[in-house]
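Have a look at run.txt; it's compact mmCIF, C-alpha atoms and all ligand atoms:
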# COMPACT_ATOMS: atom_id res chain seq x y z
CA MET A 1 93.07 -64.37 -16.44
CA ARG A 2 94.74 -61.25 -17.87
CA GLY A 3 92.41 -58.21 -18.04
CA SER A 4 92.24 -55.28 -20.40
CA ASN A 5 90.65 -51.86 -20.23
CA VAL A 6 89.79 -51.62 -23.93
CA THR A 7 90.16 -54.30 -26.58
CA ILE A 8 90.14 -53.27 -30.22
CA ILE A 9 89.43 -56.06 -32.67
CA GLY A 10 90.61 -55.14 -36.15
CA ALA A 11 93.85 -53.83 -37.62
CA GLY A 12 92.47 -52.22 -40.74
CA PRO A 13 92.16 -48.43 -41.08
CA TYR A 14 89.46 -48.13 -38.39
CA GLY A 15 91.04 -50.34 -35.74
CA LEU A 16 94.45 -48.72 -36.24
CA ALA A 17 93.07 -45.18 -36.04
CA ALA A 18 91.09 -46.08 -32.91
CA ALA A 19 94.26 -47.45 -31.30
CA ALA A 20 96.20 -44.30 -32.17
CA TYR A 21 93.60 -41.98 -30.62
CA LEU A 22 92.96 -44.04 -27.50
CA ARG A 23 96.64 -44.58 -26.80
CA ALA A 24 97.34 -40.87 -27.31
CA ALA A 25 94.60 -40.25 -24.75
CA GLY A 26 96.35 -42.52 -22.29
CA VAL A 27 93.81 -45.35 -22.55
CA GLU A 28 95.32 -48.82 -22.15
CA THR A 29 94.35 -50.93 -25.19
CA ARG A 30 95.01 -54.38 -26.58
CA VAL A 31 94.65 -54.64 -30.35
CA PHE A 32 93.96 -57.80 -32.36
CA GLY A 33 93.90 -58.52 -36.08
CA GLU A 34 96.01 -59.05 -39.16
CA PRO A 35 97.27 -55.66 -40.39
CA MET A 36 95.40 -54.51 -43.53
CA GLU A 37 94.23 -58.09 -44.08
CA PHE A 38 91.14 -57.25 -46.13
CA TRP A 39 93.11 -54.97 -48.47
CA LYS A 40 96.00 -57.41 -48.80
CA GLU A 41 94.04 -60.63 -49.25
CA GLN A 42 90.61 -59.75 -50.63
CA MET A 43 91.19 -57.09 -53.25
CA PRO A 44 92.69 -57.78 -56.68
CA VAL A 45 96.38 -57.31 -57.40
CA GLY A 46 96.76 -54.27 -59.65
CA MET A 47 93.78 -52.43 -58.17
CA CYS A 48 93.93 -48.72 -57.40
CA LEU A 49 92.04 -46.85 -54.71
CA ARG A 50 88.92 -45.03 -55.81
CA SER A 51 89.24 -42.53 -52.98
CA SER A 52 91.31 -39.45 -53.67
CA TRP A 53 94.72 -38.84 -52.11
CA ASP A 54 93.27 -36.45 -49.49
CA ALA A 55 90.62 -39.01 -48.53
CA SER A 56 93.12 -41.84 -48.06
CA HIS A 57 94.87 -40.82 -44.85
CA ILE A 58 94.30 -43.07 -41.84
CA ALA A 59 93.59 -40.52 -39.12
CA ASP A 60 96.07 -40.06 -36.29
CA PRO A 61 95.74 -37.49 -33.52
CA LYS A 62 99.09 -35.79 -34.19
CA GLN A 63 98.71 -35.85 -37.98
CA GLU A 64 102.15 -37.37 -38.31
CA LEU A 65 101.06 -40.60 -40.02
CA THR A 66 99.28 -39.31 -43.11
CA PHE A 67 99.79 -40.85 -46.52
CA ASP A 68 102.11 -37.89 -47.29
CA ASP A 69 104.17 -38.67 -44.17
CA TYR A 70 104.44 -42.28 -45.29
CA CYS A 71 105.71 -41.22 -48.72
CA ARG A 72 108.21 -38.75 -47.21
CA HIS A 73 109.42 -41.19 -44.60
CA ASN A 74 109.94 -44.01 -47.05
CA GLY A 75 111.25 -41.89 -49.93
CA ASN A 76 108.45 -43.23 -52.09
CA HIS A 77 106.96 -41.51 -55.07
CA VAL A 78 103.37 -42.75 -55.33
CA SER A 79 101.31 -42.22 -58.46
CA LYS A 80 97.62 -41.23 -58.51
CA PRO A 81 95.23 -43.01 -58.25
CA ILE A 82 96.93 -44.69 -55.31
CA PRO A 83 97.96 -48.29 -56.14
CA LEU A 84 96.60 -50.90 -53.72
CA ASP A 85 100.03 -52.29 -52.81
CA ARG A 86 101.23 -48.81 -51.75
CA PHE A 87 98.16 -48.35 -49.57
CA VAL A 88 98.67 -51.74 -47.91
CA ASP A 89 102.29 -50.81 -47.25
CA TYR A 90 101.14 -47.48 -45.79
CA GLY A 91 98.71 -49.24 -43.43
CA GLN A 92 101.41 -51.66 -42.30
CA TRP A 93 103.83 -48.78 -41.69
CA TYR A 94 101.12 -47.01 -39.68
CA GLN A 95 100.52 -50.19 -37.68
CA ARG A 96 104.23 -50.61 -36.83
CA SER A 97 104.31 -46.97 -35.66
CA VAL A 98 101.19 -47.07 -33.49
CA VAL A 99 100.61 -50.71 -32.53
CA PRO A 100 104.00 -52.49 -32.57
CA ASP A 101 102.52 -54.85 -29.98
CA LEU A 102 99.65 -55.92 -32.27
CA ASP A 103 98.35 -59.40 -31.46
CA ARG A 104 97.58 -61.29 -34.68
CA ARG A 105 95.46 -63.97 -33.09
CA LYS A 106 91.78 -64.26 -34.10
CA VAL A 107 89.12 -63.49 -31.54
CA VAL A 108 86.69 -66.39 -31.78
CA LYS A 109 84.15 -65.45 -29.12
CA ILE A 110 82.88 -62.39 -27.28
CA ASP A 111 80.39 -62.72 -24.47
CA VAL A 112 79.01 -60.31 -21.89
CA ASP A 113 80.60 -60.88 -18.51
CA ASN A 114 80.15 -59.09 -15.21
CA GLY A 115 80.03 -55.47 -16.38
CA GLY A 116 82.35 -56.10 -19.31
CA PHE A 117 83.19 -58.79 -21.84
CA ARG A 118 84.89 -62.13 -21.92
CA LEU A 119 86.93 -62.67 -25.07
CA THR A 120 88.27 -65.99 -26.29
CA LEU A 121 91.13 -66.29 -28.77
CA ALA A 122 91.72 -68.98 -31.39
CA ASP A 123 94.24 -70.72 -29.13
CA SER A 124 91.62 -70.80 -26.32
CA GLU A 125 93.21 -68.05 -24.21
CA ALA A 126 90.42 -66.05 -22.59
CA PHE A 127 90.49 -62.65 -20.92
CA PHE A 128 88.23 -59.93 -19.56
CA SER A 129 87.87 -56.50 -21.14
CA ARG A 130 85.87 -53.54 -19.83
CA ARG A 131 85.14 -52.27 -23.33
CA VAL A 132 85.34 -53.83 -26.79
CA VAL A 133 85.73 -51.92 -30.05
CA LEU A 134 84.75 -53.91 -33.13
CA ALA A 135 86.55 -52.72 -36.26
CA THR A 136 86.24 -56.03 -38.05
CA GLY A 137 85.24 -54.72 -41.47
CA ILE A 138 82.88 -56.07 -44.12
CA SER A 139 84.46 -59.24 -45.43
CA THR A 140 81.91 -61.36 -43.54
CA PHE A 141 79.10 -59.57 -45.39
CA ALA A 142 79.99 -60.46 -49.01
CA ARG A 143 76.70 -60.63 -50.95
CA ARG A 144 76.20 -63.61 -53.27
CA PRO A 145 73.01 -63.37 -55.37
CA ALA A 146 70.50 -66.17 -54.78
CA GLU A 147 70.77 -67.33 -58.43
CA PHE A 148 74.31 -68.48 -57.65
CA ALA A 149 73.47 -70.46 -54.52
CA GLY A 150 74.92 -73.94 -54.80
CA ILE A 151 77.28 -73.08 -57.67
CA PRO A 152 80.83 -74.15 -56.72
CA SER A 153 83.26 -71.29 -56.18
CA ALA A 154 85.45 -72.65 -58.99
CA LEU A 155 82.66 -71.49 -61.35
CA ALA A 156 81.23 -68.48 -59.52
CA SER A 157 83.10 -66.57 -56.85
CA HIS A 158 82.54 -63.31 -54.99
CA SER A 159 85.05 -60.61 -55.92
CA SER A 160 86.43 -60.75 -52.36
CA GLU A 161 87.57 -64.34 -52.98
CA GLN A 162 89.87 -63.50 -55.89
CA LYS A 163 93.24 -61.92 -55.34
CA ASP A 164 94.99 -62.58 -58.64
CA LEU A 165 92.66 -62.29 -61.64
CA ARG A 166 95.40 -63.37 -64.03
CA LYS A 167 94.74 -66.97 -63.03
CA PHE A 168 91.71 -66.90 -65.35
CA LYS A 169 93.95 -66.65 -68.42
CA GLY A 170 92.44 -68.56 -71.34
CA GLN A 171 88.94 -68.54 -69.80
CA ARG A 172 85.74 -66.71 -70.67
CA VAL A 173 84.56 -64.62 -67.71
CA VAL A 174 81.44 -62.62 -66.88
CA VAL A 175 81.63 -59.93 -64.21
CA VAL A 176 78.30 -59.42 -62.47
CA GLY A 177 77.79 -55.85 -61.18
CA ALA A 178 78.49 -52.34 -62.40
CA GLY A 179 80.20 -50.56 -59.52
CA GLN A 180 83.88 -49.76 -59.04
CA SER A 181 84.86 -53.30 -58.12
CA ALA A 182 83.08 -54.79 -61.16
CA LEU A 183 84.45 -52.24 -63.62
CA GLU A 184 87.98 -52.33 -62.28
CA SER A 185 88.01 -56.14 -62.30
CA ALA A 186 86.81 -56.06 -65.92
CA ALA A 187 89.64 -53.66 -66.81
CA LEU A 188 92.17 -55.94 -65.10
CA PHE A 189 90.78 -58.99 -66.97
CA LYS A 190 90.97 -57.16 -70.28
CA GLU A 191 94.54 -55.98 -69.61
CA ALA A 192 95.53 -59.56 -68.79
CA GLY A 193 94.18 -60.66 -72.18
CA ILE A 194 91.18 -62.46 -70.67
CA GLU A 195 87.84 -62.47 -72.50
CA VAL A 196 85.38 -60.62 -70.29
CA GLU A 197 81.84 -59.22 -70.34
CA VAL A 198 80.19 -57.04 -67.68
CA ILE A 199 76.51 -57.63 -66.87
CA GLY A 200 74.78 -55.11 -64.60
CA ARG A 201 71.22 -54.39 -63.49
CA GLN A 202 71.45 -50.61 -63.74
CA LYS A 203 70.46 -48.95 -67.00
CA THR A 204 73.50 -46.69 -67.29
CA LEU A 205 76.96 -46.59 -65.81
CA ASN A 206 77.62 -43.97 -63.16
CA TRP A 207 81.01 -42.31 -62.99
CA VAL A 208 82.67 -40.30 -60.28
CA GLY A 209 85.30 -37.64 -60.74
CA LEU A 210 84.13 -36.51 -64.18
CA HIS A 211 83.49 -32.91 -63.07
CA ALA A 212 87.10 -32.06 -62.42
CA ARG A 213 86.44 -28.36 -63.08
CA LEU A 214 84.09 -28.16 -60.10
CA HIS A 215 87.03 -29.13 -57.89
CA HIS A 216 89.12 -26.18 -59.08
CA LEU A 217 86.83 -23.25 -58.33
CA GLY A 218 88.63 -22.17 -55.14
CA PRO A 219 86.29 -21.33 -52.22
CA LEU A 220 83.21 -22.43 -54.21
CA SER A 221 84.66 -25.94 -54.56
CA LYS A 222 85.18 -26.02 -50.79
CA LEU A 223 81.50 -25.22 -50.36
CA LEU A 224 80.49 -28.06 -52.67
CA TYR A 225 82.97 -30.78 -51.75
CA SER A 226 84.50 -32.02 -48.53
CA SER A 227 88.01 -33.48 -48.68
CA ARG A 228 86.42 -36.65 -47.21
CA ASP A 229 85.40 -37.34 -50.82
CA VAL A 230 82.17 -39.29 -50.24
CA GLY A 231 79.32 -38.30 -52.55
CA PRO A 232 78.66 -35.68 -55.23
CA ALA A 233 78.62 -31.86 -54.91
CA GLY A 234 76.65 -30.72 -51.85
CA ILE A 235 75.99 -34.21 -50.50
CA SER A 236 79.74 -34.52 -50.02
CA ARG A 237 79.60 -31.66 -47.49
CA LEU A 238 76.58 -33.03 -45.66
CA VAL A 239 77.79 -36.61 -45.17
CA ALA A 240 81.14 -35.28 -43.92
CA MET A 241 79.27 -34.02 -40.82
CA PRO A 242 77.79 -37.23 -39.34
CA HIS A 243 76.29 -35.46 -36.31
CA VAL A 244 74.35 -33.13 -38.59
CA PHE A 245 73.48 -35.86 -41.11
CA ARG A 246 71.97 -38.13 -38.47
CA ARG A 247 69.50 -35.44 -37.38
CA PHE A 248 67.69 -35.56 -40.74
CA PRO A 249 64.56 -37.72 -41.19
CA ARG A 250 65.36 -41.39 -41.86
CA ARG A 251 63.97 -41.34 -45.40
CA PHE A 252 66.18 -38.42 -46.32
CA GLN A 253 69.23 -40.08 -44.75
CA ASP A 254 68.60 -43.32 -46.66
CA ARG A 255 68.12 -41.60 -49.99
CA THR A 256 71.10 -39.33 -49.54
CA ALA A 257 73.30 -42.21 -48.42
CA TYR A 258 72.31 -44.19 -51.52
CA ARG A 259 73.10 -41.21 -53.76
CA ALA A 260 76.48 -40.83 -52.06
CA ILE A 261 77.55 -44.45 -52.52
CA ARG A 262 75.49 -45.81 -55.43
CA PRO A 263 77.39 -48.18 -57.73
CA ALA A 264 79.77 -46.05 -59.79
CA GLY A 265 83.20 -46.28 -61.38
CA ALA A 266 86.07 -43.83 -61.10
CA GLY A 267 86.37 -41.70 -64.23
CA TRP A 268 89.94 -42.91 -64.79
CA LEU A 269 88.59 -46.40 -65.53
CA ARG A 270 86.71 -45.31 -68.66
CA PRO A 271 89.59 -45.50 -71.17
CA ARG A 272 90.66 -48.83 -69.66
CA LEU A 273 87.28 -50.36 -70.48
CA VAL A 274 87.26 -49.56 -74.18
CA GLY A 275 86.47 -52.78 -76.04
CA VAL A 276 84.89 -54.55 -73.04
CA PRO A 277 81.29 -55.59 -73.79
CA ILE A 278 79.02 -54.10 -71.11
CA THR A 279 75.41 -55.32 -70.93
CA LEU A 280 73.26 -53.03 -68.79
CA GLY A 281 69.66 -53.07 -67.55
CA ARG A 282 69.76 -56.86 -67.39
CA HIS A 283 69.97 -59.41 -64.66
CA ILE A 284 70.75 -63.09 -64.45
CA VAL A 285 67.67 -65.23 -63.84
CA SER A 286 69.45 -68.55 -63.51
CA ALA A 287 72.90 -70.06 -63.30
CA THR A 288 73.45 -73.78 -63.86
CA VAL A 289 76.50 -75.96 -64.11
CA GLN A 290 76.96 -77.45 -67.58
CA GLY A 291 79.86 -79.86 -67.66
CA SER A 292 82.90 -77.87 -66.61
CA GLN A 293 81.22 -74.58 -67.49
CA LEU A 294 78.52 -72.25 -66.20
CA HIS A 295 75.35 -71.50 -68.12
CA LEU A 296 73.75 -68.11 -67.42
CA LYS A 297 70.26 -67.10 -68.50
CA LEU A 298 69.45 -63.40 -68.63
CA ASP A 299 66.04 -61.73 -68.28
CA ASP A 300 66.12 -60.73 -71.97
CA GLY A 301 66.06 -64.40 -72.97
CA THR A 302 69.73 -64.49 -74.03
CA ASP A 303 72.25 -66.80 -72.45
CA ARG A 304 75.98 -67.18 -71.95
CA LEU A 305 78.17 -70.25 -71.59
CA ILE A 306 81.21 -69.18 -69.58
CA ASP A 307 84.08 -70.52 -67.54
CA HIS A 308 83.64 -68.26 -64.53
CA ALA A 309 81.31 -65.62 -63.07
CA LEU A 310 82.95 -63.02 -60.85
CA LEU A 311 80.28 -61.67 -58.52
CA ALA A 312 81.17 -58.05 -57.86
CA THR A 313 77.87 -57.74 -56.07
CA GLY A 314 79.00 -55.88 -53.00
CA TYR A 315 78.39 -56.36 -49.29
CA ARG A 316 75.29 -56.29 -47.11
CA VAL A 317 75.92 -55.49 -43.48
CA ASP A 318 74.35 -57.98 -41.08
CA VAL A 319 76.19 -58.05 -37.79
CA SER A 320 74.44 -61.27 -36.78
CA ARG A 321 76.86 -62.87 -39.27
CA TYR A 322 79.85 -61.96 -37.08
CA ASP A 323 80.31 -65.51 -35.80
CA PHE A 324 82.40 -64.37 -32.82
CA LEU A 325 79.41 -62.68 -31.13
CA SER A 326 77.85 -65.05 -28.61
CA GLU A 327 74.18 -65.87 -28.95
CA SER A 328 73.26 -64.08 -25.74
CA LEU A 329 75.13 -60.97 -26.85
CA SER A 330 73.53 -61.03 -30.32
CA LYS A 331 70.09 -61.29 -28.76
CA ARG A 332 70.65 -58.12 -26.73
CA LEU A 333 71.96 -56.17 -29.72
CA GLU A 334 69.48 -53.67 -31.15
CA THR A 335 69.73 -53.65 -34.94
CA VAL A 336 67.94 -52.24 -37.99
CA ASP A 337 68.36 -54.05 -41.33
CA GLY A 338 71.41 -55.83 -39.93
CA TYR A 339 73.11 -52.62 -38.71
CA PRO A 340 73.64 -52.02 -34.98
CA VAL A 341 71.85 -48.94 -33.64
CA LEU A 342 74.57 -46.73 -32.19
CA LYS A 343 74.64 -43.68 -29.95
CA ARG A 344 77.41 -41.21 -29.09
CA GLY A 345 80.80 -42.86 -28.92
CA LEU A 346 79.63 -45.37 -31.56
CA GLU A 347 78.33 -47.47 -28.67
CA CYS A 348 75.57 -50.02 -29.30
CA SER A 349 72.66 -51.08 -27.09
CA ILE A 350 75.09 -53.13 -24.99
CA PRO A 351 77.09 -50.67 -22.85
CA GLY A 352 80.82 -50.84 -23.57
CA LEU A 353 80.50 -52.40 -27.03
CA HIS A 354 81.41 -50.15 -29.96
CA PHE A 355 81.15 -50.63 -33.73
CA LEU A 356 83.45 -48.81 -36.16
CA GLY A 357 83.52 -48.73 -39.95
CA LYS A 358 80.68 -49.68 -42.26
CA PRO A 359 78.43 -51.23 -39.54
CA ALA A 360 78.25 -47.71 -38.04
CA ALA A 361 76.83 -46.29 -41.28
CA TRP A 362 73.14 -46.72 -40.42
CA SER A 363 73.59 -44.52 -37.37
CA PHE A 364 76.25 -42.08 -38.60
CA GLY A 365 75.98 -42.09 -42.39
CA PRO A 366 77.98 -43.33 -45.38
CA LEU A 367 81.23 -41.60 -44.40
CA LEU A 368 81.81 -44.48 -41.98
CA GLY A 369 82.26 -46.90 -44.88
CA PHE A 370 85.45 -45.17 -46.04
CA VAL A 371 88.98 -44.55 -44.84
CA SER A 372 88.21 -40.83 -44.64
CA GLY A 373 85.71 -41.60 -41.85
CA THR A 374 88.48 -42.80 -39.52
CA GLU A 375 89.04 -39.33 -38.04
CA PHE A 376 85.40 -38.91 -37.10
CA ALA A 377 85.12 -42.46 -35.73
CA ALA A 378 88.30 -42.38 -33.65
CA ASN A 379 87.45 -38.95 -32.24
CA GLU A 380 83.92 -40.03 -31.48
CA LEU A 381 85.17 -43.13 -29.67
CA THR A 382 87.26 -41.03 -27.29
CA TYR A 383 83.98 -39.40 -26.19
CA CYS A 384 83.48 -42.41 -23.90
CA PHE A 385 86.72 -41.80 -22.03
CA PRO A 386 86.37 -38.88 -19.62
CA HIS A 387 90.10 -38.75 -18.72
CA ARG A 388 91.28 -38.31 -22.26
CA ASN A 389 94.28 -36.02 -22.91
CA GLY A 390 92.68 -33.48 -25.20
CA THR A 391 92.44 -35.51 -28.37
CA ARG A 392 89.13 -33.87 -29.15
C1 LIG B 401 87.21 -53.59 -53.64
C2 LIG B 401 87.11 -52.53 -52.58
C3 LIG B 401 87.75 -51.31 -52.79
C4 LIG B 401 87.65 -50.31 -51.82
N1 LIG B 401 88.30 -49.13 -52.06
C5 LIG B 401 88.21 -48.14 -51.13
C6 LIG B 401 88.88 -46.89 -51.34
O1 LIG B 401 89.49 -46.65 -52.39
N2 LIG B 401 88.79 -45.96 -50.37
C7 LIG B 401 88.11 -46.15 -49.20
O2 LIG B 401 88.07 -45.26 -48.36
N3 LIG B 401 87.46 -47.32 -48.98
C8 LIG B 401 87.50 -48.31 -49.91
N4 LIG B 401 86.84 -49.50 -49.69
C9 LIG B 401 86.10 -49.68 -48.44
C10 LIG B 401 87.03 -50.33 -47.41
O3 LIG B 401 86.65 -51.67 -47.24
C11 LIG B 401 86.93 -49.64 -46.10
O4 LIG B 401 87.24 -48.27 -46.25
C12 LIG B 401 87.95 -50.15 -45.07
O5 LIG B 401 88.42 -51.44 -45.31
C13 LIG B 401 87.34 -50.11 -43.75
O6 LIG B 401 88.32 -50.45 -42.81
P1 LIG B 401 88.01 -51.31 -41.54
O7 LIG B 401 89.14 -51.01 -40.61
O8 LIG B 401 86.63 -51.03 -41.10
O9 LIG B 401 88.01 -52.83 -41.99
P2 LIG B 401 89.10 -53.78 -42.65
O10 LIG B 401 90.11 -53.00 -43.41
O11 LIG B 401 88.36 -54.83 -43.39
O12 LIG B 401 89.83 -54.43 -41.39
C14 LIG B 401 89.24 -55.48 -40.64
C15 LIG B 401 90.25 -55.96 -39.63
O13 LIG B 401 89.59 -56.81 -38.69
C16 LIG B 401 90.38 -57.95 -38.44
N5 LIG B 401 89.48 -59.00 -37.97
C17 LIG B 401 88.30 -59.39 -38.49
N6 LIG B 401 87.75 -60.36 -37.74
C18 LIG B 401 88.61 -60.59 -36.71
C19 LIG B 401 88.61 -61.47 -35.60
N7 LIG B 401 87.62 -62.33 -35.38
N8 LIG B 401 89.67 -61.44 -34.75
C20 LIG B 401 90.68 -60.59 -34.95
N9 LIG B 401 90.73 -59.72 -35.98
C21 LIG B 401 89.71 -59.72 -36.85
C22 LIG B 401 91.08 -58.22 -39.76
O14 LIG B 401 92.24 -59.02 -39.58
C23 LIG B 401 91.41 -56.78 -40.18
O15 LIG B 401 92.60 -56.39 -39.57
C24 LIG B 401 86.91 -50.53 -50.64
C25 LIG B 401 86.24 -51.74 -50.45
C26 LIG B 401 86.34 -52.74 -51.41
C27 LIG B 401 85.61 -54.01 -51.19
As C-alpha cells, please, write out the structure in this file.
Ligand SMILES: Cc1cc2nc3c(=O)[nH]c(=O)nc-3n(C[C@H](O)[C@H](O)[C@H](O)COP(=O)(O)OP(=O)(O)OC[C@H]3O[C@@H](n4cnc5c(N)ncnc54)[C@H](O)[C@@H]3O)c2cc1C
Amino acid sequence: MRGSNVTIIGAGPYGLAAAAYLRAAGVETRVFGEPMEFWKEQMPVGMCLRSSWDASHIADPKQELTFDDYCRHNGNHVSKPIPLDRFVDYGQWYQRSVVPDLDRRKVVKIDVDNGGFRLTLADSEAFFSRRVVLATGISTFARRPAEFAGIPSALASHSSEQKDLRKFKGQRVVVVGAGQSALESAALFKEAGIEVEVIGRQKTLNWVGLHARLHHLGPLSKLLYSSRDVGPAGISRLVAMPHVFRRFPRRFQDRTAYRAIRPAGAGWLRPRLVGVPITLGRHIVSATVQGSQLHLKLDDGTDRLIDHALLATGYRVDVSRYDFLSESLSKRLETVDGYPVLKRGLECSIPGLHFLGKPAAWSFGPLLGFVSGTEFAANELTYCFPHRNGTR
C-alpha cells in the first residue's frame, strides 16, 4: 500500500493554497479533488465575484500566483467585479502551476489507522497518510428549508444545483433568500427575460460596498478596512486577525461574525434589480405541488403559483454530513453546532486531521469562509511542520 506524508483533499482555493505552502516548505503531499469544482459546477453562469480584486488572490508563498499574475501571464484584461469564468480559469491556472500531479479521484472513506489515516478512493485503492488536510468546501452543507422537504428538485432546487439559469425561460420563478446569491440570481433571471420575484425573511436589504468614499481616505481607510474584505468598517480589521479574534468571548465572536457575513448584496447589483419585485419581511409557510406547478403560501396570507422556487438559502456547516468520514472517526471528532473545534494548525480533536475553509470558521472566525482567508489558513497549517523552509 502506497503511503503519504500529508494528503490534501480538495482542489479549490484552500486545498490549492495549502499544497503551495506545504510543497514550498518541502513537505511531501498528495492532493485530490476536481480543480475549482464548486465554482465551475455549482455557481450560475454569468455570476461575478462579490469579493474585491484584492481579496480574490489565492495565497501562494512566493506571491507569484496572484490574480494580477494570472492576468499578466495570460494577457487577459479582466473587468471588475471579477466574472466567475475568469476566476475559475485563474484557479485552474494556479492548480497547473502548483499541483500538476493533482489526482482527480474522489476520496470515499477516511478512517483512523495506526497513528495516521487510511484513505480509500472511489476505485477502491487505499493508502496510508500521516496527516490529512480537509479542504472539501461547503457544497455538502446546502441548506434546504423544511417547508420544501419532499418537493421534487424540478420544482424547488437549491441555488447550488443550478448552473445555467437561462433554462427557466418562459417560466415563473421565485427566489427564496435575500443575500448575494439570491439577488444575483434574480438579476440573472431578469436579464434572461424570465419572470422572477424575490421573497426574503429580512425586513430590509443589506448592501455592501456602498460607502466607497470610506475606502479612499488614505491611512484612515487602512485603519477601518483590511484588504481581506470581510465585514464592514472596523470589523473588517478585527476578523482579518483570526488569532486576535478568537480570544474574544464567544458571544462577541458570534455576533461580530454574523455582522461580518449577514445576508447582503454587492452594491453593483442594485441597478440590475430595478423592476424585480422584492417581497421582504415574509417567509414561506408551506409549499405544495399543484399539477405541474408549485403553490407557495406566505405568512401574510398571500400565495403564489409558480413554476420553480430557487432556494438561495445558504449553507449550514455540519461536518457529520461529510460522508467520507468513517463512523469511528466522526465519533471522536469534537464539534460545536456542526463545526469542528480546532486548535493551532487548524488541527481538530483527532491529531493529524486538519480542516480548512468554512468549517474552520467557528474556531478562527468568518475570514475562513472566503478566498482571502487562504493566506492565513495555509500559513497556519505549516505550523504543524517543524522542518518547514521559512514559509512563515
Ligand atoms: C454563490 C457563491 C458565491 C461566492 N462568492 C465568493 C466570492 O466572491 N469571494 C469569496 O472569497 N468567496 C465566495 N464564496 C465562498 C466560497 O465558497 C469559498 O470562498 C471557497 O469556495 C472556499 O474554497 P474551498 O477550497 O474551501 O472549497 P471549494 O472551492 O468548494 O473546493 C472544494 C474542493 O474539494 C473537492 N472535494 C470535495 N469532496 C471531495 C472528496 N470526497 N474527494 C476528493 N475531493 C473532494 C472538490 O472537488 C473541490 O476541489 C461564494 C460562495 C457561493 C456559494
Within 6 Å of ligand LIG 401 (chain B) (all atoms listed in the file), residues as a ChimeraX atom specification: /A:9-15,32-38,43,49-51,106-108,135-138,181,357,369-372
Write out as a ChimeraX atom specification each polymer residue whose atoms come within 7 Å of stretch 227-244 of chain A, counting all atoms listed in the file; drop sequence neighbours fewer than 3 positions from it. /A:51-52,54-55,224,247,259-261,364-367,372
Expected axis-aligned box over every listed atom of stretch 252-266 of chain A, 6 Å added per side, centre plus edges in Å to one decimal, as JSON:
{"center_x": 76.1, "center_y": -43.3, "center_z": -53.1, "size_x": 31.9, "size_y": 21.8, "size_z": 28.6}
Find the residues around stretch 83-90 of chain A up to 12 Å (all atoms listed in the file counted), leave out those fewer than 2 positions away in its own chain, and share them as a PyMOL selection string. chain A and resi 11-13+16+34-53+56-58+65-74+76-81+92-97+163+371
Nearest to A:Ala20 by atom-to-atom distance, counting only C-alpha atoms, from A:Leu119, A:Val98, A:Ala154, A:Ile8: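 Closest to A:Ala20, using only C-alpha atoms: A:Val98.
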Fewer than 3 positions away in the same chain doesn't count, so skip those; otherwise give me all residues within 7 Å of A:Val196, counting only C-alpha atoms, as JSON, numbers by chain. {"A": [172, 173, 174, 186, 189, 190, 276]}
Quick one: residues within 12 Å of A:Pro263, all atoms listed in the file counted, chain neighbours fewer than 6 positions away excluded, as number ranges by chain? A: 177-183, 200-208, 231, 257, 312-315
Nearest residue to A:Ser124 out of A:Arg30, A:His295, A:Arg105, A:Arg344, using all atoms listed in the file? A:Arg105
How many Å separate atom CA of A:Lys358 from atom CA of A:Ala264?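 Here the two named atoms are 17.9 Å from each other.
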Two-atom distance - atom CA of A:Val31, atom CA of A:Leu102 (Å):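 So the answer is 5.5 Å.
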Counting only C-alpha atoms, which residues come within 8 Å of (87.1, -62.6, -22.7), with the point read in the file's coordinates, and could you list them as a list in words?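 I get Lys109, Ile110, Asp111, Asp113, Phe117, Arg118, Leu119, Thr120, Ala126, Phe127, Phe128 and Ser129 of chain A for the residues within 8 Å of that point.
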Suppose you want the space between atom CA of A:Gln162 and atom CA of A:Phe324; what is it in Å? 24.3 Å
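Minimum atom-to-atom distances from A:Ala361, A:Ile199, A:Leu368, A:Leu356 to A:Asp337 were compared using all atoms listed in the file, and the lowest value belongs to A:Ala361.
Shortest separation to A:Val112 among A:Ser292, A:Arg23, A:Glu375, A:Arg130 occurs at residue A:Arg130, atoms counted being all atoms listed in the file.
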Leaving out A:Asn5 and any residue of its chain fewer than 2 positions from it, which residues lie within 7 Å of it when counting only C-alpha atoms, given as an NGL selection string? :A and (3 or 7 or 28-29 or 129-131)
Could those residues be written to a file, using C-alpha atoms, as a PDB file, in the frame of the given file?
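Saved as selection_7.pdb:
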ATOM      1  CA  GLY A   3      92.410 -58.210 -18.040  1.00  0.00           C
ATOM      2  CA  THR A   7      90.160 -54.300 -26.580  1.00  0.00           C
ATOM      3  CA  GLU A  28      95.320 -48.820 -22.150  1.00  0.00           C
ATOM      4  CA  THR A  29      94.350 -50.930 -25.190  1.00  0.00           C
ATOM      5  CA  SER A 129      87.870 -56.500 -21.140  1.00  0.00           C
ATOM      6  CA  ARG A 130      85.870 -53.540 -19.830  1.00  0.00           C
ATOM      7  CA  ARG A 131      85.140 -52.270 -23.330  1.00  0.00           C
TER       8      ARG A 131
END
Pick from A:Phe141, A:Val27, A:Ala309, A:Ala59: nearest to A:Asp323, with only C-alpha atoms counted?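 Counting only C-alpha atoms, the residue closest to A:Asp323 is A:Phe141.
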